[in-house]
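Student: Pasting a structure below so you can have a look.
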Amino acid sequence: MIDIKENISLKPYHTFHMDIQARYFVEYDTVAELKELLASSLLKDNKFLHIGGGSNLLFTKDYDGVVLHSRMNSVRRMDGGNDFVYVVAESGMVWDDFVAYCVDAGLGGVENLSNIPGEVGASAIQNIGAYGVEVKDVIDSVFCIDVETLQERVFSNAECSYSYRSSIFKQELRGRYIVTAVKYVLRKKPEFRLEYGNLRTILGDAPISLESVRNVVITVRSRKLPDPDIVGSAGSFFVNPIVGREHYSRLLSEYPGMPAYPAEEGKVKLSAAWLIDNAGGHGKRVGGAAVYHKQCLVIVNENDAFPEDVVALAELIRKCVFEKYNVELTPEVNFI
Ligand code: EPU
C-alpha cells in the first residue's frame, strides 16, 4: 500500500533526530507502487528525496518536497554452487537484520559489518565498511529503477564503480536510480577477517565463529560509537582523507605518530579521527552539537541541537584540521 503523510516531523526517520518537517513522507511496499509513485503528479510536481534508515543524512532545514521510503524488506536465498550462496534482500530491510540473517544461516562475509545503522538499499549506494570489510566485497549486483524512464536495470558489481564510501550512485548517476534490492554472494565456509584493530585480541581464546565475530564487532562498536536510539548522530561525520605520498611524507616528518593506511593508486589514507583529536577537536561544541567524547569523528546531537549547530561545528572542525595539517576533511554525511 502507498502511504502518504503530509507535514510530518522527520525526527523518527533520521538518526540525528532533529525536528525537521517534511511536506510529504511517502512509503511503498512494492516495485509496482514505486513506479506508480514516480509516474504520479506528486513526484513530478515536487522535488523528492529517497531515504533509507536516515543514518547518513543531515537535514539543514525543513524539506519542502517528498521524502520517499521503501518498506520492501523480504529476503531470499538462491543456490550459488559448491562454495557460495546468493542472498537477495530488498532495499528497506534493516541492514543489521540482514547481517543477523546471514550469521544465523551460517553464511560468511558480512559479520564484520554488524550493527551498522541503516538499510540494505543505502548500503549499496554508500559502500558501507567497517573492520577491514566493505560491502562491495560481497555485492554481486544491484537492482534499480530509473527514475526518469521507470525501466528496471541491474548493475553488476563492476558497473557500480565502487571505491571507499562511494559508488556510481553517489557520483555520475546521483539521483538517477532508486535501489530496490541487492544480490549478495556469501560463503558457505566463512573466511574470517580479523586483522583490523584489536578484533583478534578481544576474541582471545574464544572459538572463532560467525556469531563470536559478530558479537566482538558489536562490543567494539558500542564502546566507541553512540547508539543512535539514545544519542542522535550520523556515525562518522567525515571520511578518512586520502592524500598523495609527498604530502604524507611531509606530514610524517613533522608528526611521526600520525596513523596512516595504504589507499587506492599508491595514495595514503589518514585517520580523520586522529587529525580532529590532535587538532584540538576533542570536547568542542556549538549549541546542542558536540564532538563525541569517545570518537572524535562523530558529531552528536547532545542537547536539542539545531541543524545550524551541527553545520557550524563541522565547519569549525574542518578549519582546525586544515589550519594545523593542511588537510581538507570531506563530510561523509549527506547535507540535504
Ligand atoms: N582515533 C583518535 N581519536 C579518536 C578516535 C580514533 O585518535 O577520538 C584514532 C585512533 O588511532 C584509532 C584510529 O583513529 O585507532 C581509527 O579509529 P577507528 O578504528 O574508530 O576507525 P575510523 O577510521 O575512525 C572507520 C569508519 C567507521 C568504522 C571504523 C571501523 C570511516 C569514515 N569510518 O572509522 O565507520 O566503524 O573505521 O572499521 O571510514 C561510519 O562510516 O559511520 C563508521 C562508523
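Identifiers in this document derive from the order of the C-alpha cells: chains are assigned A, B, ..., residues are numbered from 1 separately in each chain, and ligands are numbered from 1 in order of occurrence.
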Using DSSP assignments from the backbone, pull out every residue in range 210-245 of chain A that falls under strand (DSSP E or B) and give it to me as JSON, numbers by chain.
Tutor: {"A": [232, 233, 234, 235, 236, 238, 242, 243]}
Student: Could I get the residue neighbourhood of ligand 1 at 8 Å, counting only C-alpha atoms and all ligand atoms, as a PyMOL selection string?
Tutor: chain A and resi 56+116+128-133+164-165+196-197+221+224-225+234-240+259+271-278+282+292-298+332
Student: Could you tell me how far CA of Tyr13 in chain A lies from CA of Gly288 in chain A, in Å and to one decimal?
Tutor: 19.6 Å
Student: Check the smallest atom-to-atom distance from each of A:Val110, A:Leu173, A:Ala124, A:Val321 to Glu191 in chain A using only C-alpha atoms, then report the winner.
Tutor: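 Looking at the shortest contact to Glu191 in chain A, the residue is A:Val110.
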Student: Quick one: residues within 10 Å of Cys144 in chain A, only C-alpha atoms counted, chain neighbours fewer than 6 positions away excluded, as an MDAnalysis selection string?
Tutor: chainID A and resid 31 91 121 150:155 176:182
Student: What gap, in Å, lies between CA of Thr15 in chain A and CA of Val300 in chain A?
Tutor: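 These atoms are spaced 9.9 Å apart.
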Student: Counting only C-alpha atoms, which residues of range 140-241 of chain A sit at most 9 Å from some atom of range 97-107 of chain A, and what is each one's closest atom pair with its distance in Å to one decimal, listed by chain and rising residue number, as JSON lines?
Tutor:
{"residue": "A:Leu186", "atom": "CA", "partner": "A:Leu107", "partner_atom": "CA", "distance": 5.8}
{"residue": "A:Arg187", "atom": "CA", "partner": "A:Leu107", "partner_atom": "CA", "distance": 5.5}
{"residue": "A:Lys188", "atom": "CA", "partner": "A:Leu107", "partner_atom": "CA", "distance": 5.3}
{"residue": "A:Lys189", "atom": "CA", "partner": "A:Leu107", "partner_atom": "CA", "distance": 7.2}
{"residue": "A:Pro190", "atom": "CA", "partner": "A:Leu107", "partner_atom": "CA", "distance": 6.7}
{"residue": "A:Leu210", "atom": "CA", "partner": "A:Val103", "partner_atom": "CA", "distance": 5.8}
{"residue": "A:Glu211", "atom": "CA", "partner": "A:Val103", "partner_atom": "CA", "distance": 6.5}
{"residue": "A:Arg214", "atom": "CA", "partner": "A:Val103", "partner_atom": "CA", "distance": 8.0}
Student: From the options A:Ile336, A:Lys267, A:Asp137, A:Lys319, which residue's atoms come nearest to Lys47 in chain A, counting only C-alpha atoms?
Tutor: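 Residue with the minimum atom-to-atom distance to Lys47 in chain A: A:Ile336.
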Student: Would you work out the distance separating CA of Gly80 in chain A from CA of Lys183 in chain A, expressed in Å to one decimal?
Tutor: 11.4 Å
Student: Can you list, as a short mmCIF file (atom, residue, chain, number, x, y, z; two decimals) with N, CA, C and O atoms, in the first residue's frame, every residue of range 115-214 of chain A that DSSP puts in helix (DSSP H, G or I)?
Tutor:
data_model
loop_
_atom_site.label_atom_id
_atom_site.label_comp_id
_atom_site.auth_asym_id
_atom_site.auth_seq_id
_atom_site.Cartn_x
_atom_site.Cartn_y
_atom_site.Cartn_z
N VAL A 120 19.42 -1.88 3.65
CA VAL A 120 20.10 -2.57 2.56
C VAL A 120 20.32 -1.68 1.33
O VAL A 120 21.42 -1.64 0.78
N GLY A 121 19.29 -0.94 0.90
CA GLY A 121 19.41 -0.13 -0.32
C GLY A 121 20.55 0.87 -0.21
O GLY A 121 21.42 0.95 -1.09
N ALA A 122 20.56 1.62 0.88
CA ALA A 122 21.58 2.65 1.05
C ALA A 122 22.97 2.05 1.22
O ALA A 122 23.97 2.65 0.81
N SER A 123 23.04 0.85 1.78
CA SER A 123 24.36 0.23 2.00
C SER A 123 25.09 0.04 0.67
O SER A 123 26.31 0.16 0.60
N ALA A 124 24.32 -0.23 -0.38
CA ALA A 124 24.92 -0.47 -1.70
C ALA A 124 25.29 0.83 -2.40
O ALA A 124 26.12 0.84 -3.30
N ILE A 125 24.65 1.92 -2.01
CA ILE A 125 24.96 3.22 -2.61
C ILE A 125 26.21 3.78 -1.94
O ILE A 125 27.12 4.31 -2.57
N GLN A 126 26.25 3.60 -0.63
CA GLN A 126 27.26 4.23 0.22
C GLN A 126 28.53 3.38 0.32
O GLN A 126 29.56 3.87 0.75
N VAL A 135 31.13 -3.41 1.90
CA VAL A 135 30.01 -4.20 1.38
C VAL A 135 30.24 -4.57 -0.09
O VAL A 135 29.75 -5.60 -0.57
N LYS A 136 31.03 -3.78 -0.81
CA LYS A 136 31.33 -4.12 -2.22
C LYS A 136 31.98 -5.50 -2.34
O LYS A 136 31.88 -6.14 -3.39
N ASP A 137 32.65 -5.95 -1.27
CA ASP A 137 33.31 -7.26 -1.31
C ASP A 137 32.31 -8.40 -1.45
O ASP A 137 32.69 -9.52 -1.83
N VAL A 138 31.05 -8.17 -1.10
CA VAL A 138 30.05 -9.25 -1.13
C VAL A 138 28.86 -8.93 -2.02
O VAL A 138 27.89 -9.68 -2.05
N ALA A 158 30.90 -4.54 -10.96
CA ALA A 158 31.87 -3.69 -11.67
C ALA A 158 31.21 -2.40 -12.15
O ALA A 158 31.82 -1.32 -12.10
N GLU A 159 29.96 -2.49 -12.59
CA GLU A 159 29.27 -1.29 -13.09
C GLU A 159 28.96 -0.27 -11.98
O GLU A 159 28.65 0.87 -12.27
N CYS A 160 29.01 -0.71 -10.74
CA CYS A 160 28.74 0.22 -9.63
C CYS A 160 29.94 1.12 -9.32
O CYS A 160 29.82 2.04 -8.51
N LEU A 199 40.39 -6.77 16.92
CA LEU A 199 39.36 -7.82 16.89
C LEU A 199 39.88 -9.15 17.41
O LEU A 199 39.27 -9.81 18.24
N ARG A 200 41.08 -9.53 16.91
CA ARG A 200 41.63 -10.83 17.29
C ARG A 200 41.95 -10.88 18.79
O ARG A 200 41.64 -11.86 19.47
N THR A 201 42.50 -9.78 19.30
CA THR A 201 42.86 -9.73 20.73
C THR A 201 41.61 -9.87 21.59
O THR A 201 41.60 -10.61 22.58
N ILE A 202 40.55 -9.18 21.20
CA ILE A 202 39.34 -9.25 22.03
C ILE A 202 38.72 -10.64 21.97
O ILE A 202 38.21 -11.15 22.97
N LEU A 203 38.83 -11.27 20.81
CA LEU A 203 38.31 -12.64 20.69
C LEU A 203 39.05 -13.58 21.64
O LEU A 203 38.47 -14.51 22.19
N LEU A 210 31.06 -17.28 13.19
CA LEU A 210 30.33 -16.10 12.71
C LEU A 210 29.71 -15.35 13.89
O LEU A 210 29.76 -14.13 13.97
N GLU A 211 29.15 -16.11 14.82
CA GLU A 211 28.50 -15.48 15.99
C GLU A 211 29.51 -14.73 16.85
O GLU A 211 29.25 -13.61 17.29
N SER A 212 30.69 -15.37 17.10
CA SER A 212 31.63 -14.71 18.01
C SER A 212 32.20 -13.45 17.36
O SER A 212 32.37 -12.42 18.03
N VAL A 213 32.45 -13.50 16.06
CA VAL A 213 32.97 -12.30 15.38
C VAL A 213 31.90 -11.20 15.42
O VAL A 213 32.19 -10.04 15.73
N ARG A 214 30.67 -11.59 15.12
CA ARG A 214 29.58 -10.59 15.17
C ARG A 214 29.52 -9.95 16.57
O ARG A 214 29.42 -8.74 16.71
#
Student: From the set A:Glu254, A:Asp64, A:Glu328, A:Glu6, which residue has the shortest atom-to-atom contact distance to Leu49 in chain A, counting only C-alpha atoms?
Tutor: A:Asp64
Student: Please determine, counting only C-alpha atoms, which residue among A:Asn326, A:Ser253, A:Asn301, A:Ser141 has the shortest atom-to-atom distance to Asn157 in chain A.
Tutor: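 Closest candidate: A:Ser141.
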Student: What lies within 7 Å of Val231 in chain A using only C-alpha atoms, ignoring chain neighbours under 2 positions off, as a ChimeraX atom specification?
Tutor: /A:226-229,233,300-302
Student: Filtering to N, CA, C and O atoms, could you give me those residues as a compact mmCIF listing (two decimals), in the first residue's frame?
Tutor:
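What follows is the written file selection-v6.txt:
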# COMPACT_ATOMS: atom_id res chain seq x y z
N PRO A 226 28.12 6.12 19.49
CA PRO A 226 26.87 6.31 20.23
C PRO A 226 25.75 5.46 19.62
O PRO A 226 25.73 5.25 18.41
N ASP A 227 24.85 4.98 20.46
CA ASP A 227 23.67 4.26 19.98
C ASP A 227 22.69 5.31 19.46
O ASP A 227 22.20 6.14 20.23
N PRO A 228 22.41 5.30 18.14
CA PRO A 228 21.57 6.37 17.58
C PRO A 228 20.17 6.44 18.20
O PRO A 228 19.51 7.47 18.10
N ASP A 229 19.72 5.35 18.85
CA ASP A 229 18.41 5.43 19.51
C ASP A 229 18.48 6.24 20.79
O ASP A 229 17.47 6.67 21.33
N SER A 233 23.10 10.98 16.03
CA SER A 233 24.35 11.20 15.29
C SER A 233 24.17 10.57 13.91
O SER A 233 23.14 9.94 13.65
N VAL A 300 27.62 14.55 17.67
CA VAL A 300 26.36 14.10 18.28
C VAL A 300 25.41 15.27 18.53
O VAL A 300 25.84 16.40 18.78
N ASN A 301 24.13 14.93 18.46
CA ASN A 301 23.08 15.86 18.86
C ASN A 301 22.90 15.66 20.36
O ASN A 301 22.10 14.85 20.80
N GLU A 302 23.71 16.39 21.12
CA GLU A 302 23.80 16.13 22.56
C GLU A 302 22.61 16.72 23.30
O GLU A 302 22.10 16.15 24.25
Student: Any idea what's packed within 9 Å of Ala305 in chain A, counting only C-alpha atoms, ignoring anything in its chain fewer than 2 positions away? Could you give it as a PDB file with N, CA, C and O atoms, in the first residue's frame?
Tutor:
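To be explicit, this is the file written out as part-v2.pdb:
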ATOM      1  N   MET A  18      16.722  15.303  14.676  1.00  0.00           N
ATOM      2  CA  MET A  18      16.342  16.706  14.828  1.00  0.00           C
ATOM      3  C   MET A  18      14.927  16.880  14.278  1.00  0.00           C
ATOM      4  O   MET A  18      14.486  16.121  13.418  1.00  0.00           O
ATOM      5  N   VAL A 286      29.091  23.305  19.677  1.00  0.00           N
ATOM      6  CA  VAL A 286      28.411  24.528  19.240  1.00  0.00           C
ATOM      7  C   VAL A 286      26.938  24.307  19.532  1.00  0.00           C
ATOM      8  O   VAL A 286      26.344  23.338  19.032  1.00  0.00           O
ATOM      9  N   GLY A 287      26.337  25.173  20.356  1.00  0.00           N
ATOM     10  CA  GLY A 287      24.933  24.986  20.727  1.00  0.00           C
ATOM     11  C   GLY A 287      24.736  23.585  21.291  1.00  0.00           C
ATOM     12  O   GLY A 287      25.473  23.151  22.182  1.00  0.00           O
ATOM     13  N   GLY A 288      23.771  22.837  20.730  1.00  0.00           N
ATOM     14  CA  GLY A 288      23.495  21.486  21.237  1.00  0.00           C
ATOM     15  C   GLY A 288      24.303  20.397  20.552  1.00  0.00           C
ATOM     16  O   GLY A 288      24.116  19.215  20.842  1.00  0.00           O
ATOM     17  N   ALA A 289      25.216  20.769  19.645  1.00  0.00           N
ATOM     18  CA  ALA A 289      26.012  19.757  18.926  1.00  0.00           C
ATOM     19  C   ALA A 289      27.390  19.644  19.563  1.00  0.00           C
ATOM     20  O   ALA A 289      27.966  20.646  19.989  1.00  0.00           O
ATOM     21  N   ALA A 290      27.921  18.410  19.618  1.00  0.00           N
ATOM     22  CA  ALA A 290      29.225  18.213  20.263  1.00  0.00           C
ATOM     23  C   ALA A 290      30.025  17.144  19.540  1.00  0.00           C
ATOM     24  O   ALA A 290      29.457  16.237  18.908  1.00  0.00           O
ATOM     25  N   VAL A 300      27.617  14.551  17.673  1.00  0.00           N
ATOM     26  CA  VAL A 300      26.361  14.100  18.279  1.00  0.00           C
ATOM     27  C   VAL A 300      25.411  15.270  18.530  1.00  0.00           C
ATOM     28  O   VAL A 300      25.836  16.400  18.775  1.00  0.00           O
ATOM     29  N   ASN A 301      24.135  14.930  18.461  1.00  0.00           N
ATOM     30  CA  ASN A 301      23.079  15.862  18.860  1.00  0.00           C
ATOM     31  C   ASN A 301      22.896  15.655  20.360  1.00  0.00           C
ATOM     32  O   ASN A 301      22.105  14.850  20.804  1.00  0.00           O
ATOM     33  N   GLU A 302      23.712  16.394  21.124  1.00  0.00           N
ATOM     34  CA  GLU A 302      23.801  16.129  22.560  1.00  0.00           C
ATOM     35  C   GLU A 302      22.613  16.725  23.300  1.00  0.00           C
ATOM     36  O   GLU A 302      22.102  16.154  24.255  1.00  0.00           O
ATOM     37  N   ASN A 303      22.199  17.920  22.829  1.00  0.00           N
ATOM     38  CA  ASN A 303      21.210  18.641  23.620  1.00  0.00           C
ATOM     39  C   ASN A 303      20.319  19.485  22.700  1.00  0.00           C
ATOM     40  O   ASN A 303      20.537  20.669  22.551  1.00  0.00           O
ATOM     41  N   PRO A 307      20.079  22.176  13.244  1.00  0.00           N
ATOM     42  CA  PRO A 307      20.983  21.845  12.132  1.00  0.00           C
ATOM     43  C   PRO A 307      22.134  22.842  12.031  1.00  0.00           C
ATOM     44  O   PRO A 307      23.275  22.449  11.756  1.00  0.00           O
ATOM     45  N   GLU A 308      21.846  24.134  12.295  1.00  0.00           N
ATOM     46  CA  GLU A 308      22.902  25.161  12.204  1.00  0.00           C
ATOM     47  C   GLU A 308      24.049  24.859  13.173  1.00  0.00           C
ATOM     48  O   GLU A 308      25.208  25.183  12.887  1.00  0.00           O
ATOM     49  N   ASP A 309      23.712  24.285  14.330  1.00  0.00           N
ATOM     50  CA  ASP A 309      24.767  23.955  15.307  1.00  0.00           C
ATOM     51  C   ASP A 309      25.716  22.910  14.716  1.00  0.00           C
ATOM     52  O   ASP A 309      26.938  23.014  14.829  1.00  0.00           O
ATOM     53  N   VAL A 310      25.116  21.882  14.096  1.00  0.00           N
ATOM     54  CA  VAL A 310      25.932  20.795  13.536  1.00  0.00           C
ATOM     55  C   VAL A 310      26.782  21.330  12.389  1.00  0.00           C
ATOM     56  O   VAL A 310      27.983  21.038  12.295  1.00  0.00           O
TER      57      VAL A 310
END
Student: Using only C-alpha atoms, which of the listed residues (A:Val311, A:Ile2, A:Val147, A:Val327) sits closest to Lys44 in chain A?
Tutor: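 Looking only at the distances to Lys44 in chain A, the closest residue turns out to be A:Val147.
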Student: Find, counting only C-alpha atoms, the residue in A:Val217, A:Ile299, A:Leu10, A:Val87 that gets nearest to Gly54 in chain A.
Tutor: A:Leu10
